$ cat query.txt   # compact mmCIF, C-alpha atoms
# COMPACT_ATOMS: atom_id res chain seq x y z
CA MET M 28 44.42 52.49 -29.68
CA ALA M 29 42.20 53.41 -26.77
CA ASN M 30 38.98 52.54 -28.62
CA PHE M 31 40.12 49.11 -29.91
CA THR M 32 37.73 46.34 -28.80
CA PRO M 33 39.21 43.15 -30.30
CA VAL M 34 37.23 40.57 -28.29
CA SER M 35 33.74 41.98 -28.94
CA ALA M 36 34.76 42.68 -32.55
CA ALA M 37 35.80 39.03 -33.03
CA ILE M 38 32.62 37.67 -31.41
CA GLY M 39 30.42 40.05 -33.41
CA GLY M 40 32.23 39.27 -36.65
CA ALA M 41 31.87 35.53 -36.03
CA LEU M 42 28.11 35.98 -35.49
CA ILE M 43 27.84 37.85 -38.81
CA GLY M 44 29.75 35.08 -40.59
CA PHE M 45 27.60 32.43 -38.85
CA SER M 46 24.42 34.19 -40.00
CA ALA M 47 25.70 34.24 -43.60
CA VAL M 48 26.45 30.49 -43.48
CA LEU M 49 23.06 29.64 -41.95
CA LEU M 50 21.20 31.67 -44.59
CA ALA M 51 23.12 29.87 -47.35
CA LEU M 52 22.57 26.48 -45.71
CA PHE M 53 18.80 26.90 -45.30
CA THR M 54 17.73 29.13 -48.19
CA GLY M 55 20.72 29.36 -50.55
CA HIS M 56 20.67 33.16 -50.34
CA ILE M 57 23.57 35.57 -49.90
CA ALA M 58 23.39 37.65 -46.71
CA GLY M 59 23.91 40.96 -48.48
CA VAL M 60 21.85 43.62 -46.75
CA SER M 61 21.76 46.13 -49.65
CA GLY M 62 20.47 43.50 -52.09
CA ILE M 63 17.91 42.12 -49.63
CA PHE M 64 16.66 45.59 -48.69
CA ALA M 65 16.58 46.85 -52.31
CA GLY M 66 14.47 43.86 -53.33
CA LEU M 67 12.07 44.64 -50.51
CA VAL M 68 11.49 48.27 -51.53
CA ASN M 69 11.36 47.54 -55.27
CA PRO M 70 7.71 47.15 -56.32
CA GLN M 71 8.70 44.74 -59.13
CA THR M 72 10.15 42.10 -56.80
CA SER M 73 8.18 38.88 -56.38
CA ASP M 74 10.08 37.14 -53.56
CA ARG M 75 9.35 39.63 -50.83
CA PRO M 76 8.50 37.49 -47.72
CA TRP M 77 12.01 36.18 -46.93
CA ARG M 78 13.48 39.64 -47.51
CA ALA M 79 10.98 41.24 -45.14
CA ALA M 80 11.75 38.53 -42.57
CA PHE M 81 15.51 39.08 -42.74
CA ILE M 82 15.10 42.88 -42.40
CA ALA M 83 12.63 42.36 -39.51
CA GLY M 84 15.24 40.15 -37.81
CA LEU M 85 17.84 42.91 -38.15
CA ILE M 86 15.52 45.50 -36.59
CA ALA M 87 14.39 43.07 -33.88
CA ALA M 88 17.97 42.44 -32.75
CA PRO M 89 18.42 45.67 -30.72
CA VAL M 90 14.88 45.42 -29.35
CA ILE M 91 15.56 41.91 -28.03
CA VAL M 92 19.14 42.30 -26.77
CA THR M 93 18.67 45.62 -24.98
CA PRO M 94 16.86 44.05 -21.97
CA VAL M 95 19.70 41.48 -21.70
CA GLY M 96 22.27 44.15 -21.08
CA TYR M 97 23.40 45.22 -24.55
CA ALA M 98 22.38 48.85 -24.54
CA VAL M 99 22.06 50.13 -28.10
CA PRO M 100 22.78 53.86 -27.95
CA VAL M 101 21.21 56.31 -30.37
CA PRO M 102 23.83 56.49 -33.14
CA GLN M 103 25.93 59.62 -33.46
CA MET M 104 25.14 60.97 -36.91
CA PRO M 105 26.56 63.94 -38.82
CA GLY M 106 24.99 67.22 -37.75
CA SER M 107 23.86 68.23 -41.21
CA TYR M 108 20.82 66.62 -42.85
CA VAL M 109 22.30 67.58 -46.22
CA THR M 110 25.26 65.27 -45.51
CA ILE M 111 22.94 62.52 -44.28
CA VAL M 112 20.71 62.68 -47.39
CA ILE M 113 23.65 62.82 -49.82
CA GLY M 114 25.31 59.94 -47.96
CA GLY M 115 22.11 57.88 -48.05
CA LEU M 116 21.53 58.49 -51.75
CA LEU M 117 25.13 57.54 -52.58
CA VAL M 118 24.99 54.39 -50.43
CA GLY M 119 21.67 53.35 -52.00
CA PHE M 120 22.58 54.05 -55.64
CA GLY M 121 26.19 52.89 -55.28
CA THR M 122 25.37 49.55 -53.69
CA ARG M 123 22.88 48.77 -56.49
CA LEU M 124 25.21 49.83 -59.30
CA GLY M 125 28.11 47.97 -57.68
CA SER M 126 25.95 44.94 -56.75
CA GLY M 127 26.71 44.92 -53.03
CA CYS M 128 27.83 46.51 -49.81
CA THR M 129 29.99 45.70 -46.81
CA SER M 130 28.08 42.49 -46.10
CA GLY M 131 27.45 41.20 -49.62
CA HIS M 132 30.91 41.98 -51.01
CA GLY M 133 33.02 42.48 -47.86
CA ILE M 134 31.92 39.35 -45.99
CA CYS M 135 29.94 36.99 -48.26
CA GLY M 136 31.74 37.80 -51.52
CA ILE M 137 35.28 37.60 -50.19
CA ALA M 138 34.33 34.43 -48.29
CA ARG M 139 33.31 32.95 -51.67
CA LEU M 140 36.71 34.13 -52.99
CA SER M 141 34.93 36.20 -55.65
CA PRO M 142 37.42 38.46 -57.49
CA ARG M 143 34.59 40.99 -58.12
CA SER M 144 33.92 41.29 -54.39
CA ILE M 145 37.60 41.56 -53.49
CA VAL M 146 38.01 44.43 -55.98
CA ALA M 147 34.75 46.13 -54.89
CA THR M 148 35.72 45.93 -51.20
CA PHE M 149 39.12 47.44 -51.95
CA VAL M 150 37.48 50.29 -53.92
CA PHE M 151 34.79 51.20 -51.36
CA MET M 152 37.24 50.96 -48.45
CA ALA M 153 39.73 53.22 -50.25
CA ALA M 154 36.97 55.70 -51.18
CA ALA M 155 35.63 55.82 -47.61
CA ILE M 156 39.13 56.25 -46.15
CA GLY M 157 39.76 59.06 -48.64
CA VAL M 158 36.50 60.82 -47.77
CA VAL M 159 37.18 60.57 -44.02
CA ALA M 160 40.71 61.94 -44.50
CA LEU M 161 39.25 64.83 -46.49
CA THR M 162 36.33 65.69 -44.21
CA HIS M 163 38.08 65.14 -40.86
CA HIS M 164 41.50 66.56 -41.64
CA VAL M 165 41.69 68.66 -44.80
CA LEU M 166 38.33 70.38 -44.33
CA GLY M 167 38.65 70.18 -40.56
CA GLY M 168 35.15 68.76 -39.94
CA MET N 6 10.08 27.80 -43.19
CA SER N 7 12.13 30.03 -45.47
CA VAL N 8 10.67 33.07 -43.73
CA LEU N 9 11.48 31.70 -40.27
CA ALA N 10 15.06 30.87 -41.25
CA SER N 11 15.53 34.32 -42.80
CA LEU N 12 14.08 36.01 -39.70
CA PHE N 13 16.49 34.08 -37.47
CA CYS N 14 19.47 34.82 -39.73
CA GLY N 15 18.59 38.53 -39.77
CA PHE N 16 18.43 38.46 -35.99
CA VAL N 17 21.84 36.76 -35.63
CA PHE N 18 23.32 39.16 -38.19
CA GLY N 19 21.93 42.13 -36.25
CA CYS N 20 23.32 40.75 -32.98
CA GLY N 21 26.74 40.48 -34.64
CA LEU N 22 26.59 44.12 -35.69
CA ILE N 23 25.52 45.19 -32.19
CA VAL N 24 28.11 43.10 -30.29
CA SER N 25 30.91 44.23 -32.62
CA GLY N 26 29.96 47.89 -32.13
CA MET N 27 29.63 48.39 -35.89
CA ILE N 28 26.17 49.96 -35.55
CA GLN N 29 27.87 53.05 -34.12
CA PRO N 30 28.99 55.31 -37.01
CA THR N 31 31.75 56.87 -34.87
CA LYS N 32 33.30 53.40 -34.38
CA VAL N 33 33.33 52.76 -38.13
CA LEU N 34 34.76 56.23 -38.82
CA GLY N 35 37.40 55.52 -36.14
CA PHE N 36 38.62 52.69 -38.38
CA LEU N 37 38.37 54.63 -41.64
CA ASP N 38 40.38 57.53 -40.16
CA ILE N 39 43.87 56.28 -40.91
CA PHE N 40 45.34 59.59 -39.81
CA GLY N 41 44.65 58.26 -36.34
CA ILE N 42 47.33 55.59 -36.79
CA PRO N 43 50.34 57.80 -35.88
CA SER N 44 48.48 59.51 -33.03
CA GLY N 45 47.24 56.21 -31.57
CA ALA N 46 43.55 57.15 -31.92
CA TRP N 47 42.96 54.62 -34.72
CA ASP N 48 40.44 51.85 -33.96
CA PRO N 49 41.24 48.61 -35.87
CA SER N 50 38.07 46.86 -34.61
CA LEU N 51 36.40 46.77 -38.04
CA ALA N 52 39.36 44.81 -39.43
CA VAL N 53 38.91 42.24 -36.64
CA VAL N 54 35.16 42.02 -37.40
CA MET N 55 35.93 41.30 -41.04
CA ALA N 56 38.69 38.80 -40.23
CA ALA N 57 36.41 36.85 -37.85
CA GLY N 58 33.43 37.08 -40.21
CA LEU N 59 35.50 35.88 -43.16
CA THR N 60 36.99 32.99 -41.19
CA VAL N 61 33.55 31.69 -40.20
CA ALA N 62 31.81 32.46 -43.52
CA GLY N 63 34.72 31.16 -45.62
CA THR N 64 34.86 27.86 -43.74
CA GLY N 65 31.06 27.48 -43.68
CA TYR N 66 30.58 28.38 -47.35
CA ALA N 67 33.23 25.84 -48.37
CA VAL N 68 31.08 23.13 -46.77
CA VAL N 69 27.62 24.48 -47.62
CA ARG N 70 28.05 25.44 -51.26
CA ARG N 71 28.48 21.85 -52.50
CA ARG N 72 24.92 20.95 -51.50
CA PRO N 73 21.48 22.31 -52.32
CA PRO N 74 19.88 24.43 -49.57
CA LEU N 75 17.72 22.65 -46.99
CA ILE N 76 14.55 24.66 -47.60
CA GLU N 77 14.66 26.26 -51.06
CA LYS N 78 15.04 24.24 -54.25
CA GLU N 79 18.25 25.80 -55.47
CA SER N 80 21.08 28.01 -54.37
CA LEU N 81 21.17 31.54 -55.73
CA TRP N 82 24.91 32.14 -55.73
CA PRO N 83 26.08 35.11 -57.75
CA THR N 84 27.34 34.06 -61.15
CA LYS N 85 28.88 37.27 -62.49
CA THR N 86 32.65 37.21 -62.75
CA ASP N 87 33.57 40.26 -64.85
CA ILE N 88 35.06 43.31 -63.18
CA ASP N 89 33.24 46.03 -65.13
CA SER N 90 32.80 49.78 -64.82
CA SER N 91 29.45 49.38 -63.01
CA LEU N 92 31.12 47.43 -60.22
CA LEU N 93 33.93 49.96 -59.87
CA THR N 94 31.74 53.10 -60.11
CA GLY N 95 29.13 51.65 -57.77
CA ALA N 96 31.73 50.68 -55.16
CA LEU N 97 33.30 54.15 -55.44
CA LEU N 98 29.94 55.94 -54.90
CA PHE N 99 29.03 53.61 -52.03
CA GLY N 100 32.42 54.22 -50.40
CA ILE N 101 31.97 58.00 -50.60
CA GLY N 102 28.53 57.82 -48.96
CA TRP N 103 29.80 55.39 -46.30
CA GLY N 104 32.71 57.70 -45.48
CA LEU N 105 30.42 60.75 -45.24
CA VAL N 106 28.07 59.24 -42.65
CA GLY N 107 29.71 56.09 -41.26
CA LEU N 108 26.65 53.94 -41.99
CA CYS N 109 26.37 51.10 -44.48
CA PRO N 110 23.04 49.33 -45.18
CA GLY N 111 23.20 46.68 -42.39
CA PRO N 112 23.90 49.00 -39.45
CA ALA N 113 21.51 51.60 -40.91
CA VAL N 114 18.63 49.10 -40.86
CA VAL N 115 19.49 47.82 -37.35
CA ASN N 116 19.61 51.42 -36.08
CA LEU N 117 16.03 51.99 -37.27
CA ALA N 118 15.03 50.37 -33.97
CA THR N 119 16.38 53.42 -32.10
CA LEU N 120 13.79 55.57 -33.93
CA SER N 121 16.49 58.18 -34.42
CA LEU N 122 15.28 60.74 -37.00
CA PRO N 123 18.68 61.13 -38.75
CA VAL N 124 18.81 57.33 -39.23
CA ILE N 125 15.27 57.22 -40.63
CA VAL N 126 16.15 60.04 -43.05
CA PHE N 127 19.32 58.16 -44.07
CA VAL N 128 17.41 54.93 -44.75
CA ILE N 129 14.73 56.76 -46.78
CA ALA N 130 17.46 58.45 -48.87
CA MET N 131 19.14 55.04 -49.29
CA ALA N 132 15.87 53.48 -50.50
CA ILE N 133 15.37 56.34 -52.97
CA GLY N 134 18.93 55.85 -54.26
CA MET N 135 18.26 52.13 -54.73
CA LEU N 136 14.95 52.71 -56.52
CA ALA N 137 16.54 55.38 -58.70
CA HIS N 138 18.94 52.71 -59.90
CA ASP N 139 16.55 49.77 -60.15
CA LEU N 140 13.59 51.60 -61.69
CA TRP N 141 15.60 53.75 -64.11
CA PRO N 142 13.44 53.57 -67.28
CA ALA N 143 16.16 52.10 -69.48
CA ARG N 144 17.05 49.44 -66.94
CA ALA N 145 13.49 48.64 -65.93
CA ALA N 146 12.54 48.23 -69.61
CA GLY N 147 15.54 46.03 -70.31
CA ALA N 148 14.98 43.72 -67.37
CA ALA N 149 11.83 41.66 -67.20
CA PRO N 150 10.53 41.30 -63.61
CA LYS N 151 11.94 37.79 -63.37
CA ALA N 152 15.43 38.84 -64.46
CA LEU N 153 15.25 41.74 -62.04
CA VAL N 154 14.51 39.41 -59.16
CA SER N 155 17.50 37.22 -59.87
CA SER N 156 19.75 40.25 -60.19
CA THR N 157 18.64 41.55 -56.81
CA VAL N 158 19.06 38.13 -55.26
CA ALA N 159 22.45 37.53 -56.70
CA ASP N 160 24.29 40.30 -54.99
CA GLY N 161 24.89 41.85 -51.63
$ encode --input "query.txt" --output "structure tokens"
Amino acid sequence: MANFTPVSAAIGGALIGFSAVLLALFTGHIAGVSGIFAGLVNPQTSDRPWRAAFIAGLIAAPVIVTPVGYAVPVPQMPGSYVTIVIGGLLVGFGTRLGSGCTSGHGICGIARLSPRSIVATFVFMAAAIGVVALTHHVLGG
Amino acid sequence: MSVLASLFCGFVFGCGLIVSGMIQPTKVLGFLDIFGIPSGAWDPSLAVVMAAGLTVAGTGYAVVRRRPPLIEKESLWPTKTDIDSSLLTGALLFGIGWGLVGLCPGPAVVNLATLSLPVIVFVIAMAIGMLAHDLWPARAAGAAPKALVSSTVADG
């Protein structure tokens, strides 16, 4: 397990949980990024300011922490734009149909002990593990 | 005030994703690749991120949820409880997309700051996928704007 980084993972995870608690404490909202982002891009949404602020905070994070020593490298993405577009479409449509993503279901939902979120997290984890097994091993990508 | 609090929470959330390394798709894929378990290449970091996040959020929510929020008038906790086909199909499609690229919505948005073209393309495709769902004629006609807002608030 050469790539295992338990300490930074625990600190980072605690920060994510802390953010979710603060957002609930102050505004009563769930820190689910897919729901917040979808409401921002949907022209029919009326409560846009807090959504825009949360998304701006997310984007500001790397800009602010980079000078303090946390280099944020350009992410390594799949080589094919076809894969990237299909992946993006599936993530966008799937998170709306399934009412949440890794943050909304995986962190906030399970923390609320919501059976829906526990089931959803199990399903998307299993699907992602299956796809990685297929693309990295069976198809040899 | 609500905007300031949301901005700060987004910032802390983004810092958590950066510190944990979860903004790097290869790190996420290193967890999802369970064939790496026997060879020793598997990276369990994502499980630790979730365990720590759930410990803090679970404890905090248990305290916070009994009271109204400090700024807004009322809490917007999700109220749905039924495990229906939409939940299962949506989670399945999301999982497939996540496994293909290694990005879920949070890290994708944080990575916009790198101005990487593949990330920008991914986020645009994600937004189109979301709009395709939310503005589908049958759904848009069935949901008045107000109902639509609560349904987008009530989930992740």
$ residues_near_point --input "query.txt" --point "(13.4, 41.0, -42.8)" --cutoff "9 Å" --atoms "only C-alpha atoms" --output "list in words"
Ile63, Phe64, Leu67, Pro76, Trp77, Arg78, Ala79, Ala80, Phe81, Ile82, Ala83, Gly84, Leu85 and Ile86 of chain M; Val8, Ser11, Leu12, Gly15 and Phe16 of chain N
$ write_last_selection --input "query.txt" --atoms "C-alpha atoms" --output "tab-separated table (two decimals), in the frame of the given file"
chain	number	residue	atom	x	y	z
M	63	ILE	CA	17.91	42.12	-49.63
M	64	PHE	CA	16.66	45.59	-48.69
M	67	LEU	CA	12.07	44.64	-50.51
M	76	PRO	CA	8.50	37.49	-47.72
M	77	TRP	CA	12.01	36.18	-46.93
M	78	ARG	CA	13.48	39.64	-47.51
M	79	ALA	CA	10.98	41.24	-45.14
M	80	ALA	CA	11.75	38.53	-42.57
M	81	PHE	CA	15.51	39.08	-42.74
M	82	ILE	CA	15.10	42.88	-42.40
M	83	ALA	CA	12.63	42.36	-39.51
M	84	GLY	CA	15.24	40.15	-37.81
M	85	LEU	CA	17.84	42.91	-38.15
M	86	ILE	CA	15.52	45.50	-36.59
N	8	VAL	CA	10.67	33.07	-43.73
N	11	SER	CA	15.53	34.32	-42.80
N	12	LEU	CA	14.08	36.01	-39.70
N	15	GLY	CA	18.59	38.53	-39.77
N	16	PHE	CA	18.43	38.46	-35.99
$ atom_distance --input "query.txt" --atom1 "CA of Arg70 in chain N" --atom2 "CA of His56 in chain M"
10.7 Å
$ residues_near_point --input "query.txt" --point "(22.7, 44.8, -51.1)" --cutoff "9 Å" --atoms "all atoms listed in the file" --output "PyMOL selection string"
(chain M and resi 58-66+119+122-123+126-132) or (chain N and resi 110-111+157-158+160-161)
$ closest_residue --input "query.txt" --among "M:Cys135, M:Leu49, M:Pro70, M:Val158" --to "Gly58 in chain N" --atoms "only C-alpha atoms"
M:Cys135
$ closest_residue --input "query.txt" --among "N:Pro112, N:Gly35, N:Gly102, N:Pro142" --to "chain M" --atoms "only C-alpha atoms"
N:Gly102
$ atom_distance --input "query.txt" --atom1 "CA of Ala155 in chain M" --atom2 "CA of Ile125 in chain N"
21.6 Å
$ decode --input "query.txt" --residues "range 132-163 of chain M" --atoms "N, CA and C atoms" --output "CSV table (one decimal), in the first residue's frame"
chain,number,residue,atom,x,y,z
M,132,HIS,N,-24.8,11.9,-0.5
M,132,HIS,CA,-25.2,10.6,0.0
M,132,HIS,C,-24.1,10.0,0.9
M,133,GLY,N,-22.9,10.0,0.3
M,133,GLY,CA,-21.8,9.3,1.0
M,133,GLY,C,-21.4,9.9,2.3
M,134,ILE,N,-21.4,11.2,2.4
M,134,ILE,CA,-21.0,11.8,3.7
M,134,ILE,C,-22.3,12.3,4.5
M,135,CYS,N,-23.0,13.3,3.9
M,135,CYS,CA,-24.1,13.8,4.6
M,135,CYS,C,-25.2,12.8,4.9
M,136,GLY,N,-25.6,12.1,3.9
M,136,GLY,CA,-26.7,11.1,4.0
M,136,GLY,C,-26.5,10.0,5.0
M,137,ILE,N,-25.3,9.4,4.9
M,137,ILE,CA,-25.0,8.3,5.8
M,137,ILE,C,-24.8,8.9,7.2
M,138,ALA,N,-24.3,10.1,7.3
M,138,ALA,CA,-24.2,10.7,8.7
M,138,ALA,C,-25.5,11.0,9.3
M,139,ARG,N,-26.6,11.2,8.4
M,139,ARG,CA,-27.9,11.3,8.9
M,139,ARG,C,-28.6,10.0,9.2
M,140,LEU,N,-27.9,8.9,8.9
M,140,LEU,CA,-28.3,7.5,8.9
M,140,LEU,C,-29.5,7.3,8.0
M,141,SER,N,-29.5,7.9,6.8
M,141,SER,CA,-30.6,7.8,5.9
M,141,SER,C,-30.4,6.5,5.1
M,142,PRO,N,-31.4,5.6,5.2
M,142,PRO,CA,-31.3,4.3,4.5
M,142,PRO,C,-31.1,4.5,3.0
M,143,ARG,N,-31.8,5.5,2.4
M,143,ARG,CA,-31.7,5.8,1.0
M,143,ARG,C,-30.2,6.1,0.6
M,144,SER,N,-29.5,6.9,1.4
M,144,SER,CA,-28.2,7.2,1.1
M,144,SER,C,-27.2,6.1,1.3
M,145,ILE,N,-27.5,5.2,2.3
M,145,ILE,CA,-26.6,4.0,2.5
M,145,ILE,C,-26.7,3.1,1.3
M,146,VAL,N,-28.0,2.9,0.8
M,146,VAL,CA,-28.2,2.1,-0.4
M,146,VAL,C,-27.5,2.7,-1.6
M,147,ALA,N,-27.7,4.0,-1.8
M,147,ALA,CA,-27.2,4.7,-3.0
M,147,ALA,C,-25.6,4.6,-3.0
M,148,THR,N,-25.0,4.9,-1.8
M,148,THR,CA,-23.6,4.8,-1.7
M,148,THR,C,-23.1,3.4,-2.0
M,149,PHE,N,-23.7,2.4,-1.6
M,149,PHE,CA,-23.3,1.0,-1.9
M,149,PHE,C,-23.4,0.8,-3.4
M,150,VAL,N,-24.5,1.3,-4.0
M,150,VAL,CA,-24.7,1.0,-5.5
M,150,VAL,C,-23.6,1.8,-6.3
M,151,PHE,N,-23.4,3.1,-6.0
M,151,PHE,CA,-22.4,3.8,-6.8
M,151,PHE,C,-21.0,3.4,-6.6
M,152,MET,N,-20.7,2.9,-5.4
M,152,MET,CA,-19.4,2.4,-5.1
M,152,MET,C,-19.2,1.1,-5.9
M,153,ALA,N,-20.2,0.2,-5.8
M,153,ALA,CA,-20.1,-1.1,-6.5
M,153,ALA,C,-19.9,-0.9,-8.0
M,154,ALA,N,-20.7,0.1,-8.5
M,154,ALA,CA,-20.7,0.3,-10.0
M,154,ALA,C,-19.3,0.9,-10.4
M,155,ALA,N,-18.8,1.8,-9.6
M,155,ALA,CA,-17.5,2.4,-9.9
M,155,ALA,C,-16.4,1.3,-9.8
M,156,ILE,N,-16.4,0.5,-8.8
M,156,ILE,CA,-15.4,-0.6,-8.7
M,156,ILE,C,-15.5,-1.5,-9.8
M,157,GLY,N,-16.7,-1.8,-10.3
M,157,GLY,CA,-16.9,-2.7,-11.4
M,157,GLY,C,-16.4,-2.1,-12.7
M,158,VAL,N,-16.6,-0.8,-12.9
M,158,VAL,CA,-16.1,-0.2,-14.1
M,158,VAL,C,-14.6,-0.1,-14.1
M,159,VAL,N,-14.0,0.2,-13.0
M,159,VAL,CA,-12.5,0.2,-12.9
M,159,VAL,C,-11.9,-1.1,-13.1
M,160,ALA,N,-12.6,-2.2,-12.6
M,160,ALA,CA,-12.1,-3.5,-12.8
M,160,ALA,C,-12.1,-3.9,-14.3
M,161,LEU,N,-13.2,-3.4,-14.9
M,161,LEU,CA,-13.4,-3.7,-16.4
M,161,LEU,C,-12.4,-2.9,-17.2
M,162,THR,N,-12.3,-1.6,-17.0
M,162,THR,CA,-11.4,-0.8,-17.9
M,162,THR,C,-10.0,-1.0,-17.6
M,163,HIS,N,-9.6,-1.3,-16.3
M,163,HIS,CA,-8.1,-1.4,-16.0
M,163,HIS,C,-7.6,-2.8,-16.2
